[in-house]
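Below is one structure; the comments refer to it alone.
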Amino acid sequence: MLADRSTRPPEPAELPSPLAPRPYRVGRVLRETSDTMTLTVRPASSAAIARPVPGQFNMLYAVGVGEAAISVSGVLEGQEIAHTVRRAGKVTEALAELTPGDALGVRGPYGHGWPLDLARGNDLVLVAGGLGLPPLRPVLEAVLSDRGAFGRVEVIYGARTPKDLVYYADLQDWRQRSDLRLQTTVDVAGGDWNGDVGVVTRRLPDARFEPDRTVAMLCGPEIMMRLTAQALVERQVPASRIFLSMERNMKCAIGLCGHCQFGPSFLCRDGPVLPFSRLAPFLSVKEV
Amino acid sequence: MTGLEEAVRHHPLFRGLEPALVHAAVRGATEREAGAGELLAHEGSPADSLFLVLSGKVALQMDRPDGGALTVQTVGAGEVVGWSWLVPPHRWRFDVRAMKASRALVLDGGSLREALQGHPAAGFQFLLRFLPLLAERLENTRLQLMDLHAR
Amino acid sequence: MDAGSEGSQVLRREEFPRLFSALEDAGYQVVGPTVRDGAIVYDRLHGVDDLPRGWTDRQGPGRYRLERRGDDALFGYNVGPFTWKKFLFPPRERLFTVQREGGSFTVVPEPVEAPLTAFLGVRACELAGLAVTDRVFQGGPVVDPGYAARRSRVLLVAVQCGQAGGNCFCASMRTGPSVSGGADLVLTEILGPGPHRFLVRAGSPRGAEVLSPLNLPPAPEEDERTVGELLDRTTRSMGREMDPTGLRDLLRETLQHPRWEEVARRCLSCTNCTLVCPTCFCSTHEEVPDLSEEKVERWRRWDSCFNLGFTELHGAPVRASGRSRYRQWLTHKLGTWHDQFGTSGCIGCGRCITWCPVGIDLTEEVAALRVPVAPAGPPGRTA
């Protein structure tokens with residue numbers, strides 16, 4: 001008689017986990033630099049993840065090794081997604097070893113991406129440092145596919161050395177276009193490098209945009225983003241229209257594990273893209 | 001007033017400064033054009049010039065131990081190159097090489113020093129503009145040294 | 001329907017086993033306080049004799065000692081090193097198993113183990129703690145399925161505190177000592193005058209359902225008054241206090257306060273405070289392959305913001321200094337928790353003070369942060 005009481009909920013049989021990776025396979029592997037590759041991945045079953053928007057990230061799973069948060073660097077035909085991975089730990093090492101056809105797990109897409117809608121009708125300034133370019137590439141692709149909807153497009157890309165620049169073919173293509181301006185700069189170069197040498201903020205004075213109708217998107221090392229954002233604020237771009245893609249240790253990516261906190265934000269859920277106006281009080285403090 | 005002096009007066013570094021200082025500072029100044037790859041100054045040689053870059057792009061380079069050149073900074077139109085004219089022993093600390101066809105006003109270091117000494121108040125104003133350029137370059141060099149992109 | 005409005009009933013001490021049996025008859029396994037290894041911990045109880053009869057806990061910063069009471073109180077202590085969260089959010093939990101298959105893999109979900117469970121002896125502050133973890137694990141966009149499954153099968157039997165401990169400050173945090181809601185049954189132990197007895201009231205239909213077969217007599221008005229006086233006395237005897245007003249802003253504005261450096265000189269980064277805290281929820285994932293590597297288990301285990309590896313990014317910790325890690329813990333618990341979950345993460349139970357090996361007292365740290373420091377002058381730029 002007790003078993004029928006309606007006030008007691010029945011025990012579910014099993015728990016489908018929101019953390020379960022979906023089986024995917026590697027499509028192509030493109031070597032970008034000595035330690036960085038771009039993998040395209042496609043679903044190995046009917047269980048594909050939702051279509052990511054620019055700025056979102058996925059958790060890529062090397063079976064038996066673990067997961068790493070990797071930003072989406074391209075959304076291709078069908079359900080194929082590109083991720084650019086740098087060897088930086090045991091998971092990314094394992095991911096970088098994968099070859100076409102290999103299995104891996106994917107879950108996502110997670111987080112809030114770049115505010116493309118806000119950028120529409122405005123000038124757009126994209127500033128990338130190092131591996132900050134991959135999360136911004138889908139923005140450029142979206143902008144170029146609807147170029148008329150945006151004002152001036154200025155892209156500044158900084159890397160350590162010329163050898164560390166990723167997306168060589170895209171850079172060539174963008175450099176030749178008349179509807180956007182790309183400035184590349186490196187920290188140090190040999191005598192054969194014809195581009196700029198110096199930090200990315202040195203390229204800002206050359207960028208043409210109207211501050212009061214500009215949206216800026218920044219991705220790269222935190223110091224570089226902070227200095228760039230400050231320089232943009234000095235040029236009268238409102239802090240609420242300067243967006244940074246933040247990075248912290250991520251484990252669950254769904255706001256439950258506590259790892260990715262930055263001040264009041266869970267970067268996995270509230271970020272990774274957040275406005276400078278919200279980040280500034282914490283960016284100026286060490287070890288937040 | 002020469003066209004060159006007129007150009008210097010309108011440069012951000014000199015704009016609005018006492019005309020007598022500018023007049024003294026441009027003594028011996030020239031305009032120089034350099035083709036791509038041309039060396040404008042050589043590390044270790046006497047440094048008696050301040051370059052006001054008008055167009056093009058120049059690189060500050062150092063010799064690498066293995067013999068090649070290492071570019072540590074590039075400087076474009078509107079920017080300046082050279083502070084060794086101000087600081088003894090007045091020798092270039094790096095090579096200055098045009099990366100493409102470039103044009104610059106070249107002010108004579110000796111004249112500049114005399115101009116600053118002869119017009120201390122305006123000279124101080126000039127230094128207040130010149131020093132931040134050095135500070136910024138030092139700061140940027142520090143950032144480059146941090147090797148932010150290494151990891 | 002408000003089952004609580006039916007008023008209180010009296011359960012005499014010698015009849016307490018009947019309540020225990022009623023819980024078991026209703027299908028609940030009972031977990032609650034019991035003495036083990038010199039502490040009162042929460043574990044599976046098999047009868048009233050498992051309760052810490054006649055024991056109390058004396059607590060201070062970095063200090064915890066069981067002592068004999070001069071009476072037979074069943075709930076004459078405050079809080080121990082365990083919290084109820086371990087039953088809902090286990091210290092180690094397998095999330096799923098990955099099975100390699102034909103060059104790919106499948107994910108085998110974890111079978112649920114969520115038996116009907118009665119938490120017997122939940123304190124008012126701990127009810128507030130459960131409300132906090134409810135928000136964390138099932139109040140956001142993604143619900144933790146394990147927590148939610150287990151939580152839905154729990155009956156909460158609260159016992160209001162008849163005394164306050166040396167590190168208690170629930171009165172400051174407005175989470176106790178009286179139970180205002182969230183419990184299925186609410187008990188208050190009355191040691192006298194009169195016979196040793198409990199006042200019981202149902203706080204939910206589920207609670208009322210457990211209670212009804214007992215046919216307990218209604219409580220006389222004097223007993224209600226006695227309980228009121230008891231709770232007043234408990235409130236007045238809080239070992240600590242902490243002014244909770246404006247904490248969110250205070251902690252946002254004091255990130256550079258020299259006190260962080262000072263507390264870091266004492267803090268050992270041992271993680272004890274996060275392990276005993278009823279609301280700390282941080283966890284990490286472990287990938288556990290079997291020897292053949294055909295099967296890989298994914299485990300989740302408690303983590304702590306005091307661990308160096310917690311913020312590891314590209315091979316180095318973001319919060320490398322002890323100062324930054326203590327600051328993260330306290331600013332999160334008392335400050336940014338409000339931004340994230342609309343409530344404080346602190347319930348005033350004092351466990352972090354008791355179980356800190358060097359006796360760091362957060363109420364003292366907050367008081368120190370409230371003392372403004374002389375500004376160091378405008379930030380300058382020097383070579």
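Within each chain, counting starts at residue 1; across the structure tokens, chains are named A, B, ... in the order shown, with ligands numbered 1 upward in that order.
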
Should the cut-off be 12 Å, what would the residue list for chain B against chain C look like, counting only C-alpha atoms, as number ranges by chain? B: 131-132, 134-139, 142, 148-151

So that I have them on file, write out the residues from the current selection with all heavy atoms, as a compact mmCIF listing (two decimals), in the first residue's frame.
# COMPACT_ATOMS: atom_id res chain seq x y z
N LEU B 131 59.79 62.08 -24.43
CA LEU B 131 59.98 61.03 -23.43
C LEU B 131 58.87 59.98 -23.45
O LEU B 131 59.14 58.78 -23.36
CB LEU B 131 60.10 61.66 -22.03
CG LEU B 131 61.04 60.91 -21.11
CD1 LEU B 131 62.47 60.98 -21.63
CD2 LEU B 131 60.98 61.50 -19.70
N PRO B 132 57.60 60.38 -23.58
CA PRO B 132 56.53 59.37 -23.64
C PRO B 132 56.71 58.39 -24.79
O PRO B 132 56.32 57.23 -24.69
CB PRO B 132 55.26 60.19 -23.81
CG PRO B 132 55.59 61.51 -23.20
CD PRO B 132 57.03 61.74 -23.51
N LEU B 134 59.54 57.30 -25.88
CA LEU B 134 60.52 56.33 -25.39
C LEU B 134 59.87 55.39 -24.39
O LEU B 134 60.10 54.18 -24.41
CB LEU B 134 61.70 57.05 -24.72
CG LEU B 134 62.58 57.90 -25.62
CD1 LEU B 134 63.81 58.38 -24.85
CD2 LEU B 134 63.03 57.11 -26.84
N ALA B 135 59.05 55.98 -23.49
CA ALA B 135 58.40 55.16 -22.46
C ALA B 135 57.51 54.11 -23.11
O ALA B 135 57.50 52.95 -22.71
CB ALA B 135 57.60 56.05 -21.53
N GLU B 136 56.76 54.54 -24.13
CA GLU B 136 55.86 53.60 -24.79
C GLU B 136 56.64 52.49 -25.47
O GLU B 136 56.27 51.32 -25.40
CB GLU B 136 55.03 54.37 -25.83
CG GLU B 136 53.90 53.52 -26.39
CD GLU B 136 53.30 54.10 -27.66
OE1 GLU B 136 53.36 55.34 -27.84
OE2 GLU B 136 52.81 53.31 -28.47
N ARG B 137 57.76 52.89 -26.09
CA ARG B 137 58.54 51.87 -26.77
C ARG B 137 59.14 50.88 -25.76
O ARG B 137 59.17 49.68 -26.00
CB ARG B 137 59.64 52.53 -27.60
CG ARG B 137 59.93 51.72 -28.82
CD ARG B 137 60.51 52.52 -29.94
NE ARG B 137 59.57 53.37 -30.65
CZ ARG B 137 59.92 54.16 -31.65
NH1 ARG B 137 61.17 54.21 -32.04
NH2 ARG B 137 59.01 54.89 -32.26
N LEU B 138 59.54 51.41 -24.62
CA LEU B 138 60.09 50.54 -23.57
C LEU B 138 59.01 49.57 -23.07
O LEU B 138 59.24 48.38 -22.91
CB LEU B 138 60.60 51.41 -22.41
CG LEU B 138 61.16 50.66 -21.20
CD1 LEU B 138 62.39 49.87 -21.61
CD2 LEU B 138 61.52 51.65 -20.09
N GLU B 139 57.81 50.12 -22.87
CA GLU B 139 56.70 49.29 -22.41
C GLU B 139 56.37 48.19 -23.41
O GLU B 139 56.16 47.04 -23.06
CB GLU B 139 55.46 50.16 -22.21
CG GLU B 139 54.99 50.21 -20.78
CD GLU B 139 53.95 51.30 -20.59
OE1 GLU B 139 52.86 51.17 -21.16
OE2 GLU B 139 54.25 52.28 -19.89
N ARG B 142 58.86 45.51 -23.35
CA ARG B 142 58.63 44.61 -22.21
C ARG B 142 57.56 43.59 -22.56
O ARG B 142 57.68 42.41 -22.25
CB ARG B 142 58.17 45.40 -21.01
CG ARG B 142 59.29 46.09 -20.29
CD ARG B 142 58.69 46.88 -19.16
NE ARG B 142 59.69 47.66 -18.43
CZ ARG B 142 59.39 48.67 -17.64
NH1 ARG B 142 58.12 49.02 -17.49
NH2 ARG B 142 60.33 49.33 -17.02
N LEU B 148 54.04 36.77 -24.75
CA LEU B 148 52.66 36.45 -24.39
C LEU B 148 52.09 35.27 -25.15
O LEU B 148 51.27 34.53 -24.65
CB LEU B 148 51.78 37.67 -24.67
CG LEU B 148 52.03 38.88 -23.80
CD1 LEU B 148 51.15 40.03 -24.25
CD2 LEU B 148 51.74 38.53 -22.36
N HIS B 149 52.54 35.12 -26.39
CA HIS B 149 51.91 34.09 -27.22
C HIS B 149 52.58 32.74 -27.07
O HIS B 149 52.20 31.79 -27.72
CB HIS B 149 51.97 34.51 -28.70
CG HIS B 149 51.37 35.85 -28.94
ND1 HIS B 149 50.06 36.13 -28.64
CD2 HIS B 149 51.89 36.99 -29.43
CE1 HIS B 149 49.81 37.39 -28.96
NE2 HIS B 149 50.89 37.94 -29.42
N ALA B 150 53.58 32.68 -26.18
CA ALA B 150 54.36 31.43 -26.12
C ALA B 150 53.53 30.25 -25.63
O ALA B 150 53.79 29.12 -25.98
CB ALA B 150 55.58 31.62 -25.23
N ARG B 151 52.53 30.53 -24.77
CA ARG B 151 51.77 29.39 -24.28
C ARG B 151 50.29 29.53 -24.57
O ARG B 151 49.83 30.52 -25.04
CB ARG B 151 51.90 29.17 -22.77
CG ARG B 151 52.37 30.33 -21.96
CD ARG B 151 52.26 30.01 -20.52
NE ARG B 151 51.39 30.98 -19.86
CZ ARG B 151 51.21 31.01 -18.55
NH1 ARG B 151 51.76 30.11 -17.81
NH2 ARG B 151 50.43 31.91 -18.00

Chain B: residues DSSP assigns to strand (DSSP E), reported as a PyMOL selection string: chain B and resi 30-34+39-41+49-55+57-63+69-76+80-81+95-98+102-108

May I have the residues of chain C within 8 Å of chain A, counting only C-alpha atoms, written as a VMD selection string? chain C and resid 26 to 27 95 to 96 103 to 107 109 to 112 114 to 115 136 to 137 142 144 to 146 149 152 to 153 205 to 206 255 to 256 281 to 289 293 296 305 310 to 315 318 to 321 324 328 332 336 to 337 339 to 340

Using only C-alpha atoms and a distance of at most 7 Å, pull out the residues of chain B that contact chain A, as a compact mmCIF listing (two decimals) with N, CA, C and O atoms, in the first residue's frame.
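What follows is the written file part-v6.txt:
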# COMPACT_ATOMS: atom_id res chain seq x y z
N GLY B 68 72.16 36.42 -39.00
CA GLY B 68 70.99 37.04 -39.63
C GLY B 68 70.57 38.30 -38.89
O GLY B 68 71.15 38.68 -37.88
N ALA B 69 69.54 38.94 -39.43
CA ALA B 69 69.02 40.15 -38.79
C ALA B 69 67.75 39.81 -38.03
O ALA B 69 66.99 38.93 -38.42
N LEU B 70 67.55 40.52 -36.93
CA LEU B 70 66.37 40.32 -36.11
C LEU B 70 65.63 41.65 -36.04
O LEU B 70 66.19 42.64 -35.60
N THR B 71 64.39 41.66 -36.53
CA THR B 71 63.64 42.90 -36.45
C THR B 71 62.90 42.94 -35.12
O THR B 71 62.17 42.00 -34.78
N VAL B 72 63.12 43.99 -34.34
CA VAL B 72 62.49 44.06 -33.03
C VAL B 72 61.35 45.08 -33.02
O VAL B 72 60.56 45.13 -32.08
N GLN B 73 61.29 45.91 -34.06
CA GLN B 73 60.24 46.92 -34.09
C GLN B 73 60.17 47.48 -35.50
O GLN B 73 61.18 47.63 -36.16
N THR B 74 58.96 47.76 -35.93
CA THR B 74 58.82 48.49 -37.19
C THR B 74 58.16 49.82 -36.90
O THR B 74 57.35 49.94 -35.98
N MET B 99 62.01 49.13 -44.98
CA MET B 99 61.42 47.85 -45.40
C MET B 99 60.76 47.99 -46.75
O MET B 99 60.52 47.01 -47.44
N ASN B 140 56.33 48.58 -24.68
CA ASN B 140 56.04 47.60 -25.73
C ASN B 140 57.11 46.52 -25.79
O ASN B 140 56.82 45.35 -25.98
N GLN B 144 56.76 42.53 -25.49
CA GLN B 144 57.31 41.56 -26.44
C GLN B 144 58.19 40.55 -25.70
O GLN B 144 58.18 39.37 -26.00
N ASP B 147 56.71 37.51 -24.08
CA ASP B 147 56.43 36.38 -24.95
C ASP B 147 55.02 35.85 -24.68
O ASP B 147 54.81 34.68 -24.40
N LEU B 148 54.04 36.77 -24.75
CA LEU B 148 52.66 36.45 -24.39
C LEU B 148 52.09 35.27 -25.15
O LEU B 148 51.27 34.53 -24.65
N HIS B 149 52.54 35.12 -26.39
CA HIS B 149 51.91 34.09 -27.22
C HIS B 149 52.58 32.74 -27.07
O HIS B 149 52.20 31.79 -27.72

Test item: residues at most 6 Å from B:Leu105, only C-alpha atoms, excluding those fewer than 4 positions along its chain, as JSON, numbers by chain: {"B": [30, 31, 51, 52]}

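Between atom CA of B:Ala41 and atom CA of B:His90 the interatomic distance comes to 12.4 Å.
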
Identify, on the basis of only C-alpha atoms, every residue whose closest approach to B:Leu128 does not exceed 12 Å; exclude the query and any residue fewer than 6 positions from it along the same chain; express the result as a count of residues only. 7

DSSP alpha helix (DSSP H) residues within stretch 82-312 of chain C, listed as number ranges by chain: C: 85-88, 124-138, 145-151, 170-173, 205-211, 221-236, 247-253, 259-266, 272-276

Contacts of C:Arg63 within 9 Å, only C-alpha atoms, excl. fewer than 2 positions in-chain, as a short mmCIF file (atom, residue, chain, number, x, y, z; two decimals) with N, CA and C atoms, in the first residue's frame:
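Generated output (selection38.cif):
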data_model
loop_
_atom_site.label_atom_id
_atom_site.label_comp_id
_atom_site.auth_asym_id
_atom_site.auth_seq_id
_atom_site.Cartn_x
_atom_site.Cartn_y
_atom_site.Cartn_z
N ARG C 58 31.89 20.65 21.59
CA ARG C 58 32.40 21.96 21.97
C ARG C 58 33.33 22.45 20.85
N GLN C 59 33.01 23.63 20.31
CA GLN C 59 33.75 24.09 19.13
C GLN C 59 34.35 25.48 19.32
N GLY C 60 35.48 25.66 18.70
CA GLY C 60 36.14 26.97 18.65
C GLY C 60 36.94 27.01 17.37
N PRO C 61 37.64 28.11 17.10
CA PRO C 61 38.46 28.15 15.88
C PRO C 61 39.51 27.04 15.90
N ARG C 65 35.52 19.18 20.03
CA ARG C 65 35.69 18.12 21.02
C ARG C 65 34.32 17.62 21.43
N ILE C 353 35.31 27.41 10.31
CA ILE C 353 36.12 27.94 11.41
C ILE C 353 36.63 26.79 12.27
N THR C 354 35.71 25.86 12.57
CA THR C 354 36.05 24.73 13.43
C THR C 354 37.13 23.85 12.80
N TRP C 355 36.97 23.56 11.53
CA TRP C 355 37.83 22.55 10.92
C TRP C 355 39.05 23.11 10.23
N CYS C 356 39.24 24.43 10.33
CA CYS C 356 40.47 25.05 9.83
C CYS C 356 41.60 24.70 10.80
N PRO C 357 42.65 24.05 10.32
CA PRO C 357 43.69 23.61 11.25
C PRO C 357 44.37 24.78 11.95
N GLY C 359 42.63 27.69 12.52
CA GLY C 359 41.59 28.49 13.15
C GLY C 359 41.26 29.81 12.47
#

Mind checking which residues fall within 12 Å of B:Trp83, counting only C-alpha atoms, ignoring those fewer than 5 positions away in the same chain, and posting them as a PyMOL selection string? chain B and resi 46-52+88-94+107-109+112-113+127+130-131+133-135+137

Please produce an output containing N, CA, C and O atoms for each residue in the selection, written as a short mmCIF file (atom, residue, chain, number, x, y, z; two decimals), in the first residue's frame.
data_model
loop_
_atom_site.label_atom_id
_atom_site.label_comp_id
_atom_site.auth_asym_id
_atom_site.auth_seq_id
_atom_site.Cartn_x
_atom_site.Cartn_y
_atom_site.Cartn_z
N PRO B 46 78.17 56.63 -35.23
CA PRO B 46 77.75 57.84 -34.53
C PRO B 46 76.29 58.16 -34.85
O PRO B 46 75.88 58.09 -36.00
N ALA B 47 75.55 58.47 -33.81
CA ALA B 47 74.12 58.73 -33.99
C ALA B 47 73.89 60.22 -33.90
O ALA B 47 73.91 60.79 -32.82
N ASP B 48 73.71 60.83 -35.02
CA ASP B 48 73.50 62.27 -35.00
C ASP B 48 72.23 62.64 -35.75
O ASP B 48 72.15 63.69 -36.35
N SER B 49 71.24 61.73 -35.72
CA SER B 49 70.00 62.02 -36.47
C SER B 49 68.76 61.62 -35.69
O SER B 49 68.77 60.65 -34.93
N LEU B 50 67.72 62.42 -35.92
CA LEU B 50 66.38 62.03 -35.50
C LEU B 50 65.56 61.94 -36.78
O LEU B 50 65.46 62.90 -37.54
N PHE B 51 65.00 60.75 -37.04
CA PHE B 51 64.19 60.56 -38.24
C PHE B 51 62.72 60.80 -37.93
O PHE B 51 62.17 60.19 -37.01
N LEU B 52 62.11 61.70 -38.68
CA LEU B 52 60.65 61.83 -38.61
C LEU B 52 60.12 61.13 -39.86
O LEU B 52 60.28 61.63 -40.97
N PRO B 88 74.34 60.49 -24.59
CA PRO B 88 75.74 60.09 -24.86
C PRO B 88 75.87 58.57 -24.76
O PRO B 88 75.11 57.96 -23.99
N PRO B 89 76.73 57.90 -25.45
CA PRO B 89 77.77 58.48 -26.31
C PRO B 89 77.33 58.74 -27.74
O PRO B 89 78.19 58.82 -28.64
N HIS B 90 76.03 58.90 -27.97
CA HIS B 90 75.53 59.22 -29.31
C HIS B 90 75.96 58.20 -30.36
O HIS B 90 76.59 58.53 -31.36
N ARG B 91 75.66 56.96 -30.08
CA ARG B 91 75.91 55.91 -31.08
C ARG B 91 74.62 55.12 -31.30
O ARG B 91 73.86 54.91 -30.35
N TRP B 92 74.34 54.71 -32.51
CA TRP B 92 73.13 53.93 -32.82
C TRP B 92 73.14 52.60 -32.07
O TRP B 92 74.17 51.93 -32.02
N ARG B 93 72.05 52.26 -31.49
CA ARG B 93 71.93 51.01 -30.74
C ARG B 93 71.35 49.89 -31.60
O ARG B 93 71.18 48.77 -31.15
N PHE B 94 70.96 50.22 -32.81
CA PHE B 94 70.41 49.21 -33.72
C PHE B 94 70.54 49.71 -35.15
O PHE B 94 70.86 50.89 -35.37
N LEU B 107 66.63 65.17 -38.88
CA LEU B 107 67.11 66.33 -38.14
C LEU B 107 68.50 66.03 -37.59
O LEU B 107 68.79 64.90 -37.20
N ASP B 108 69.30 67.07 -37.56
CA ASP B 108 70.67 66.89 -37.09
C ASP B 108 70.72 66.91 -35.56
O ASP B 108 70.24 67.84 -34.92
N GLY B 109 71.34 65.90 -35.02
CA GLY B 109 71.37 65.73 -33.57
C GLY B 109 72.06 66.88 -32.86
O GLY B 109 71.59 67.37 -31.82
N LEU B 112 69.85 69.84 -32.82
CA LEU B 112 68.74 69.61 -31.88
C LEU B 112 69.20 69.88 -30.45
O LEU B 112 68.51 70.57 -29.69
N ARG B 113 70.35 69.34 -30.10
CA ARG B 113 70.84 69.53 -28.73
C ARG B 113 71.06 71.00 -28.44
O ARG B 113 70.69 71.50 -27.38
N LEU B 127 60.88 67.80 -24.63
CA LEU B 127 61.22 66.54 -23.94
C LEU B 127 59.97 65.88 -23.35
O LEU B 127 59.88 64.66 -23.31
N PHE B 130 58.77 64.00 -26.15
CA PHE B 130 59.67 62.97 -26.67
C PHE B 130 59.76 61.78 -25.71
O PHE B 130 59.77 60.62 -26.14
N LEU B 131 59.79 62.08 -24.43
CA LEU B 131 59.98 61.03 -23.43
C LEU B 131 58.87 59.98 -23.45
O LEU B 131 59.14 58.78 -23.36
N LEU B 133 57.30 58.89 -25.90
CA LEU B 133 57.53 57.96 -27.02
C LEU B 133 58.52 56.88 -26.61
O LEU B 133 58.35 55.71 -26.93
N LEU B 134 59.54 57.30 -25.88
CA LEU B 134 60.52 56.33 -25.39
C LEU B 134 59.87 55.39 -24.39
O LEU B 134 60.10 54.18 -24.41
N ALA B 135 59.05 55.98 -23.49
CA ALA B 135 58.40 55.16 -22.46
C ALA B 135 57.51 54.11 -23.11
O ALA B 135 57.50 52.95 -22.71
N ARG B 137 57.76 52.89 -26.09
CA ARG B 137 58.54 51.87 -26.77
C ARG B 137 59.14 50.88 -25.76
O ARG B 137 59.17 49.68 -26.00
#

Could you list, as a ChimeraX atom specification, every residue within 10 Å of A:Leu171, counting only C-alpha atoms and ignoring same-chain residues fewer than 5 positions away? /A:157,165-166,176,182-184

Any idea what the distance is between atom CA of C:Gly76 and atom CA of C:Gln163?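 Between these atoms lies a distance of 7.5 Å.
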